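Enquirer: Can you keep this structure in mind? I'll have questions shortly.
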Amino acid sequence: MAALEMHLGHMEWSFSPMKNNTRFRLLAAVVCSMTTAVVVARAEPNDSPFPVRVSNSGRYLEDAGGKPFLLHGDTAWSLIVQLTKEETEEYLENRRQKGFNSIIVNLIEYRNADNAPRNKYGEAPFTTPGDFSMPNEKYFAHADWVIRTAHQKGILVVLNPCYTGWSGNGTSSADGFVKEIIANGPAKCRNYGRYVGNRYKNFANIIWQAGGDTTPKAGSPLEKNWLEILQGIKAVAPSRFWTAHWYRFTTALDQPAFAPHMSLDNAYGGNRTYIQTLRAYN
């Protein structure tokens with residue numbers, strides 16, 4: 001288990017305008033615990049630090065060469081659906097040049113983009129809306145390209161395969177896939193996990209993220225079915241790292257059903273973030 005620190009440029013949920021009025025959701029203090037002073041190296045496009053691994057101390061990540069890898073990240077949740085290839089290239093190169101080495105991204109987006117869940121080219125993630133058993137090859141081919149481009153620029157992708165959305169009770173969400181996760185049931189959720197796990201098992205710059213702004217109720221269909229997604233991914237990619245993103249003021253280990261699967265701890269705050277950070281560090 002490693003506890004990590006991610007430095008982000010904004011202190012609360014906000015929208016940050018970019019070229020062509022492109023918007024990205026930004027989140028503060030998602031992954032944090034380590035206080036070791038580390039210089040953030042600006043990786044050249046072909047100087048790959050991947051795959052990252054946990055240090056012998058369990059306190060931080062190392063790159064492929066054994067050097068400490070401090071997550072210096074941006075939260076481009078909607079990157080895969082909101083930008084064209086040209087805009088994606090521009091954004092990722094801008095981040096690389098500024099020393100960012102990590103981004104948090106939704107593999108599929110529910111609402112927080114101009115034409116969600118469709119990408120900029122009009123492709124939806126599923127040929128039948130909301131049916132996890134009907135993936136659209138054209139959609140996921142574009143997602144492949146985005147993640148590969150991030151790899152070429154030395155950028156780690158913390159990838160959420162099915163964002164649950166902002167909800168305190170874990171039963172519904174206006175901006176996530178809560179209803180679909182419940183409606184698809186365990187078998188389809190497990191098979192969707194196998195599909196994306198198999199598709200991305202050889203991508204060296206991915207850390208998987210469970211949940212997304214919601215803490216599911218223990219024993220609920222949402223918890224059980226999301227766990228099926230995780231287990232589907234792990235069935236075909238068992239060595240991949242996992243972390244989680246629950247409701248505010250939590251760490252990745254605060255969901256008992258998911259805690260045994262977590263590789264990387266984190267703290268999600270909002271104010272007085274040091275409380276969760278210290279708890280995660282300890």
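Letters for chains follow the order of the structure tokens (A, B, ...), residue numbers begin at 1 for each chain, and ligand numbers begin at 1 in the order shown.
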Skip range 124-137 of chain A itself and residues of its chain fewer than 5 positions away, then list as an MDAnalysis selection string all residues within 6 Å of it, counting only C-alpha atoms.
Expert: chainID A and resid 117:118 180 188 192
Enquirer: Could the residues in this selection be written to a file with all heavy atoms, as a PDB file, in the first residue's frame?
Expert:
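Okay, this is what ended up in selection-v6.pdb:
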ATOM      1  N   PRO A 117     -23.135  11.377 -23.279  1.00  0.00           N
ATOM      2  CA  PRO A 117     -21.896  10.595 -23.146  1.00  0.00           C
ATOM      3  C   PRO A 117     -21.096  10.449 -24.447  1.00  0.00           C
ATOM      4  O   PRO A 117     -20.112   9.736 -24.474  1.00  0.00           O
ATOM      5  CB  PRO A 117     -22.414   9.238 -22.687  1.00  0.00           C
ATOM      6  CG  PRO A 117     -23.738   9.110 -23.379  1.00  0.00           C
ATOM      7  CD  PRO A 117     -24.317  10.507 -23.363  1.00  0.00           C
ATOM      8  N   ARG A 118     -21.527  11.128 -25.510  1.00  0.00           N
ATOM      9  CA  ARG A 118     -20.816  11.040 -26.787  1.00  0.00           C
ATOM     10  C   ARG A 118     -19.523  11.851 -26.745  1.00  0.00           C
ATOM     11  O   ARG A 118     -19.437  12.861 -26.052  1.00  0.00           O
ATOM     12  CB  ARG A 118     -21.706  11.534 -27.927  1.00  0.00           C
ATOM     13  CG  ARG A 118     -22.962  10.701 -28.122  1.00  0.00           C
ATOM     14  CD  ARG A 118     -23.837  11.244 -29.245  1.00  0.00           C
ATOM     15  NE  ARG A 118     -25.048  10.443 -29.376  1.00  0.00           N
ATOM     16  CZ  ARG A 118     -25.135   9.339 -30.109  1.00  0.00           C
ATOM     17  NH1 ARG A 118     -24.084   8.929 -30.810  1.00  0.00           N
ATOM     18  NH2 ARG A 118     -26.263   8.650 -30.171  1.00  0.00           N
ATOM     19  N   GLU A 180     -27.476   3.265 -14.106  1.00  0.00           N
ATOM     20  CA  GLU A 180     -27.058   2.269 -15.093  1.00  0.00           C
ATOM     21  C   GLU A 180     -26.288   1.129 -14.441  1.00  0.00           C
ATOM     22  O   GLU A 180     -26.451  -0.043 -14.830  1.00  0.00           O
ATOM     23  CB  GLU A 180     -26.208   2.940 -16.180  1.00  0.00           C
ATOM     24  CG  GLU A 180     -26.975   3.819 -17.135  1.00  0.00           C
ATOM     25  CD  GLU A 180     -27.311   5.192 -16.560  1.00  0.00           C
ATOM     26  OE1 GLU A 180     -26.913   5.486 -15.411  1.00  0.00           O
ATOM     27  OE2 GLU A 180     -27.979   5.984 -17.247  1.00  0.00           O
ATOM     28  N   LYS A 188     -23.427  -8.182 -16.256  1.00  0.00           N
ATOM     29  CA  LYS A 188     -23.008  -7.199 -17.252  1.00  0.00           C
ATOM     30  C   LYS A 188     -21.903  -6.296 -16.708  1.00  0.00           C
ATOM     31  O   LYS A 188     -20.991  -5.918 -17.446  1.00  0.00           O
ATOM     32  CB  LYS A 188     -24.203  -6.364 -17.718  1.00  0.00           C
ATOM     33  CG  LYS A 188     -25.121  -7.071 -18.707  1.00  0.00           C
ATOM     34  CD  LYS A 188     -26.163  -6.110 -19.260  1.00  0.00           C
ATOM     35  CE  LYS A 188     -27.038  -6.794 -20.288  1.00  0.00           C
ATOM     36  NZ  LYS A 188     -28.048  -5.864 -20.872  1.00  0.00           N
ATOM     37  N   TYR A 192     -18.337  -6.002 -18.396  1.00  0.00           N
ATOM     38  CA  TYR A 192     -17.808  -4.695 -18.802  1.00  0.00           C
ATOM     39  C   TYR A 192     -16.412  -4.497 -18.218  1.00  0.00           C
ATOM     40  O   TYR A 192     -15.500  -4.022 -18.909  1.00  0.00           O
ATOM     41  CB  TYR A 192     -18.741  -3.580 -18.341  1.00  0.00           C
ATOM     42  CG  TYR A 192     -18.153  -2.198 -18.520  1.00  0.00           C
ATOM     43  CD1 TYR A 192     -17.924  -1.674 -19.789  1.00  0.00           C
ATOM     44  CD2 TYR A 192     -17.812  -1.410 -17.419  1.00  0.00           C
ATOM     45  CE1 TYR A 192     -17.375  -0.414 -19.956  1.00  0.00           C
ATOM     46  CE2 TYR A 192     -17.259  -0.154 -17.574  1.00  0.00           C
ATOM     47  CZ  TYR A 192     -17.037   0.350 -18.844  1.00  0.00           C
ATOM     48  OH  TYR A 192     -16.482   1.592 -18.997  1.00  0.00           O
TER      49      TYR A 192
END
Enquirer: Based on DSSP run over this structure's backbone, return all residues of range 119-178 of chain A in strand (DSSP E), as a PyMOL selection string.
Expert: chain A and resi 156-160
Enquirer: What's around Ala150 in chain A at 9 Å? Count only C-alpha atoms, leave out sequence neighbours fewer than 4 positions away in its own chain, and write the answer as JSON, numbers by chain.
Expert: {"A": [89, 92, 93, 102, 103, 145, 146, 154, 155, 156, 157, 205]}
Enquirer: Under the rule that only C-alpha atoms are counted, which of A:Gly165, A:Pro238, A:Gly270, A:Pro51 is the nearest residue to Leu222 in chain A?
Expert: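 Among the listed residues, the smallest separation from Leu222 in chain A belongs to A:Gly165.
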Enquirer: Just to confirm, what's the straight-line distance from CA of Asn202 in chain A to CA of Ser78 in chain A in Å (one decimal)?
Expert: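 These atoms are spaced 22.6 Å apart.
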Enquirer: What parts of range 110-273 of chain A does DSSP call helix (DSSP H, G or I)? I'd like the answer as JSON, numbers by chain.
Expert: {"A": [137, 138, 139, 140, 141, 142, 143, 144, 145, 146, 147, 148, 149, 150, 151, 152, 178, 179, 180, 181, 182, 183, 184, 185, 186, 187, 188, 189, 190, 191, 192, 193, 194, 195, 196, 197, 198, 199, 221, 222, 223, 224, 225, 226, 227, 228, 229, 230, 231, 232, 233, 234, 235, 236, 252, 253, 254, 259, 260, 261]}
Enquirer: Of the residues A:Thr84, A:Asn56, A:Ser239, A:Thr171, which is the one nearest to Tyr121 in chain A, using only C-alpha atoms?
Expert: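 Among the listed residues, A:Thr84 lies closest to Tyr121 in chain A.
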Enquirer: May I have the residues within 10 Å of Gln276 in chain A as number ranges by chain, using only C-alpha atoms and disregarding those fewer than 5 positions away in the same chain?
Expert: A: 29, 32-33, 248-251, 266-271, 281-282
Enquirer: Would you write out those residues with N, CA, C and O atoms, as a CSV table (one decimal), in the first residue's frame?
Expert:
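Saved to part29.csv:
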chain,number,residue,atom,x,y,z
A,29,ALA,N,-6.9,18.3,-3.9
A,29,ALA,CA,-6.4,17.4,-2.9
A,29,ALA,C,-7.0,16.0,-3.0
A,29,ALA,O,-7.4,15.4,-2.0
A,32,CYS,N,-3.2,12.5,-1.7
A,32,CYS,CA,-2.2,13.1,-0.9
A,32,CYS,C,-1.9,12.4,0.4
A,32,CYS,O,-2.8,11.9,1.0
A,33,SER,N,-0.6,12.4,0.7
A,33,SER,CA,-0.1,11.9,2.0
A,33,SER,C,1.3,12.1,2.2
A,33,SER,O,1.8,12.4,3.3
A,248,ARG,N,-16.7,13.2,-0.3
A,248,ARG,CA,-15.7,14.0,0.4
A,248,ARG,C,-15.4,13.5,1.8
A,248,ARG,O,-16.3,12.9,2.5
A,249,PHE,N,-14.2,13.9,2.2
A,249,PHE,CA,-13.7,13.6,3.6
A,249,PHE,C,-13.6,12.1,3.8
A,249,PHE,O,-13.9,11.6,4.9
A,250,THR,N,-13.0,11.4,2.8
A,250,THR,CA,-12.8,10.0,2.9
A,250,THR,C,-11.4,9.7,2.4
A,250,THR,O,-10.7,10.6,1.8
A,251,THR,N,-10.9,8.5,2.7
A,251,THR,CA,-9.7,7.9,2.0
A,251,THR,C,-10.1,6.7,1.2
A,251,THR,O,-11.3,6.2,1.3
A,266,ASN,N,-5.4,7.3,-0.6
A,266,ASN,CA,-5.4,8.8,-1.0
A,266,ASN,C,-6.4,9.4,0.0
A,266,ASN,O,-7.0,8.8,0.9
A,267,ALA,N,-6.4,10.7,0.0
A,267,ALA,CA,-7.3,11.5,0.9
A,267,ALA,C,-8.1,12.5,0.0
A,267,ALA,O,-7.5,13.2,-0.8
A,268,TYR,N,-9.4,12.5,0.2
A,268,TYR,CA,-10.2,13.5,-0.5
A,268,TYR,C,-10.8,14.5,0.5
A,268,TYR,O,-11.6,14.1,1.3
A,269,GLY,N,-10.5,15.7,0.4
A,269,GLY,CA,-10.9,16.7,1.3
A,269,GLY,C,-11.9,17.7,0.7
A,269,GLY,O,-12.8,17.3,0.0
A,270,GLY,N,-11.7,18.9,1.0
A,270,GLY,CA,-12.5,20.0,0.5
A,270,GLY,C,-12.2,21.2,1.3
A,270,GLY,O,-12.0,22.3,0.9
A,271,ASN,N,-12.2,21.0,2.6
A,271,ASN,CA,-11.6,22.0,3.6
A,271,ASN,C,-10.9,21.2,4.7
A,271,ASN,O,-11.2,20.0,4.9
A,281,TYR,N,-2.0,9.0,5.9
A,281,TYR,CA,-0.6,8.8,6.1
A,281,TYR,C,-0.3,7.8,7.2
A,281,TYR,O,0.5,6.9,7.1
A,282,ASN,N,-1.1,7.9,8.3
A,282,ASN,CA,-1.0,7.0,9.4
A,282,ASN,C,-1.5,5.6,9.1
A,282,ASN,O,-1.1,4.6,9.9
